[in-house]
Amino acid sequence: MQSRLRGTSLRHHLLAAALLVALTAQCSASAGQGEESSSETISLLATNGQPFPWNKMRLPSSVSPLRYDLLIHPNLTTLDFTGSVKITVEVKEDTGFVVLHSKHLQISKAVIQQGGGGTSPLQVLEYPAYEQVALLSATPLVTNRLYVISIEYAANLSESFHGFYKSTYRTQEGEVRVLASTQFEPTAARLAFPCFDEPAFKANFSIKIRREAKHIALSNMPLVKSEALGGGLLEDHFDMSVKMSTYLVAFILSDFVSVSKMSDNGVKISVYAVPEKIDQAHFALEAAAKLLDFYEDYFKIPYPLPKQDLAAIPDFQSGAMENWGLTTYRESALLFNPKTSSASEKLGITMIIAHELAHQWFGNLVTMEWWNDLWLNEGFAKFMEYVSVNITNPELQVEDYFLGQCFNAMEVDALSSSHPISTPVQNPAQIQEMFDDVSYEKGACILNMLRDFLTADAFKIGIIRYLRRYSYENTRNEHLWESLTNICQSDDLDEGRLQGDGFCAGNQQLSATAKWYMHDELDVKTMMNTWTLQQGFPLISVSVRGREVRLSQERYLKGSDPSQSSQYLWHVPLTYITSNSNTVHRFLLKTKNDVLFLPEEVEWIKFNVGMNGYYIVHYEGEGWDALINLLQKNHTALSSNDRASLLNNAFQLVSIGKLPLDKALDLTLYLKHETEIMPVTQGLSELIPLYKLMEKRDMSDVENKMKGYIVQLFRELIDRQTWSDEGSVSQRMLRSYLLMFACVRGYQPCVDKAERLFQEWKESNGNLSLPSDVVLAVYSVGAQTPEGWDFLFEQYRRSLFSAVKSQIKSALTISRMPHKLQWIMEQSLQGDTLKMQDLPYVVVHVSKNPAGHKHAWEFLKTNWHTLVKKFDLGSRSIAHMVTGVTNQYSTWEMLEEVRGFFEALEESGSQLRCVQQAVESIEENIRWMDKNLDKVKGWLQRNHL
């Protein structure tokens, strides 16, 4: 699944109060099957008062599903559905009952059959707190025998974004049309049919869907036949699926239309969308075909299904979902119009498709055993976005943006409330919380670091081995590490093909820079366990004395007692270049302290080359001065990624008192010469939050001086920007970013140009075609007047293009009119003209606006219970709102208000990790302001600002 909240997952379904109360004692329970020690003495009662025969949240292993025969009959008028499922199960140990998942399903009948014999009724007991039902058999179920359990049930279509849920769209004529779609990851298949809803219970699925002739049905597999049932109903029969987990099952009932093509390898690829938008599907169709062919070639494993559908769903909480053979997307994540979509949207759509198609192997073919290792799915898919798009679409320059993923992850990972990549989880809310920057972005970053460590060829051989060994199975962390160890040794599954790359045959000729391979004992598991089983990341301190480089490591942790981190130790694959050599040198740091020796003395040394490692570096003594001086004199001596990482590291070190703020600000002075996107955007990312903290404290004098400094720093670069769509993707994205910043900051030449363009566009009644990369700046200036704002909203309402809607929506949230900001949040909550799926984005953007931050916080508090009902407790949508609305506060008053609000919630949010992160962030902001505000004032004064 792909998140959209950074640019940015989101998932799953509401825990009712009863569930949360019941789970309070289990928040820290082990994720191992049936290992909760507290549950050994718990006696549970079903809803009818009878004893419930199972007392654990994880299902028993005594019965395992082999096949589901599922029939679904939705009614899009009454918004409900009926269903029946036959589950063929294998009994692993004698038992008198079967426990499986069911949530909000009204079960009317349950029977069991063994072999060709007759059926026997099963008694159904329900335990809603665990979302389980127990089926009690009058006769024991015997080990090694197969049985067929048949269940009939009914349910309402879900009103949230999970399970089998209702979605709507409005045609250009104003008609509202209804469709139904699924979103089952992580624990919502149980909302659509009774099932063993854990990833390790893989089975084959045969699905039938009843529909009216005006609709079409889609599922994971191709349609085999349609039968007329009479009364205007048709029954679609889909082919039997491959063996897969329940969360990957999907079906859609809609009036969608499609465009299709065959991939080079013979897979039918189709893109589905509402009829009025199907002309925007062609870019995604071509991208999907190219990417699917790439993955088949890269992984050397054929895509196992005959088709791959991509469906644009009008209401969709996350960015996209990897259902096998039927990937689903937000419309804005799939539909593209060359005339209105910007360079960043083209890049974003390509990467989201790359993410979901990577999942067809990482996640679908090979699946994590339990949600504690979600990163094996999401970290890999996030990482493969960059690998695949870099090769298939080099013009998108995707390598320029990977660095930002690691910085995003480090922001979260620097807090005490972070968690290890692999973390025990039990209940659905805890599982939801795993879909965060640590599982996605940090997972991708440590995989990138490992590939750099092993070399790209060795890494590729190892992951192909992993996929071949565990196809259609479930894995844990150690299975990946074992596959990446001793890669040149024979493997029964290699079939000789892995030797064909020539890597293993030639590995004796590796250069000296690949010293890890030649001289260090390579223990991938021991090394990588330090990155996945403990939270946080290391700070490497470097002290150069002549030719001697002293190294030490400690955990980088904001604002807490350093003793918390004293036991942390990583195996850190250090890389470095020096003033005397731009060859990348390598050193594996396994201890708290170590020393390396240079062949000669150097003027400067830069560690973590290209920021390929997931760590930050502090240069003690004269180290930072030497690098600051280098950037001032000749910044291109370092790569753009190295320059961006220095900016990031310097400000991170200010936060923990390792580097004076003056030094970090001195470093930014070189930016007046900078032209590359990563250092420019990173410089803005470090400097903008400084005045954002001041905005919340009404400190206009120093705030305006800081804003003035930033505009002055980039003024020449801003002035050089053309108001066009010319240039490379990175140049176009930088132009959009800079013009947007300049106009919002009130840089007059930018404002004047934007106002002229907005007036021309308005006079054309929105028909004038503006360059797509500058429209956000134009709209944002236009949104500052009541007339402009209202005109923009009307254009939003009329537009069929997701890109236009997204750009207008952003501009509307930047308005300085508080009543308009309040109104747009309320409209998003209603979910009519503005879709409710966009509400988290709208609320967070309003909170960043000085005119709206108080309104956003009040809105979040007032509507909390509605929000968790729609978006689900623990989901990334909720986390995004909680942290996004609060993370720029820096006063004791707001800290107490935020803490007090969430503590009063008790069962509906007080224990969420995002609440802990919000509180920690405000505490850190208070510390930062107390320590550095006067230093900011002094530095600005000394620099005549």
# chains A, B, ... in the order shown; residues from 1 in each chain; ligands from 1
$ residues_around --residues "Lys558 in chain A" --least-positions-apart "2" --cutoff "10 Å" --atoms "only C-alpha atoms" --output "ChimeraX atom specification"
/A:411,413-416,555-556,560-562,652-653,655-657,920-921,923-924
$ residues_around --residues "Ala320 in chain A" --least-positions-apart "3" --cutoff "6 Å" --atoms "only C-alpha atoms" --output "compact mmCIF listing (two decimals) with C-alpha atoms, in the first residue's frame"
# COMPACT_ATOMS: atom_id res chain seq x y z
CA MET A 1 0.00 0.00 0.00
CA GLN A 2 1.20 3.46 -0.85
CA THR A 328 -6.62 0.21 -6.68
CA TYR A 329 -5.69 3.90 -6.56
$ residues_around --residues "Asp752 in chain A" --least-positions-apart "4" --cutoff "10 Å" --atoms "only C-alpha atoms" --output "PyMOL selection string"
chain A and resi 743+746-748+756-758+778+781
$ atom_distance --atom1 "CA of Thr532 in chain A" --atom2 "CA of Ser318 in chain A"
25.0 Å
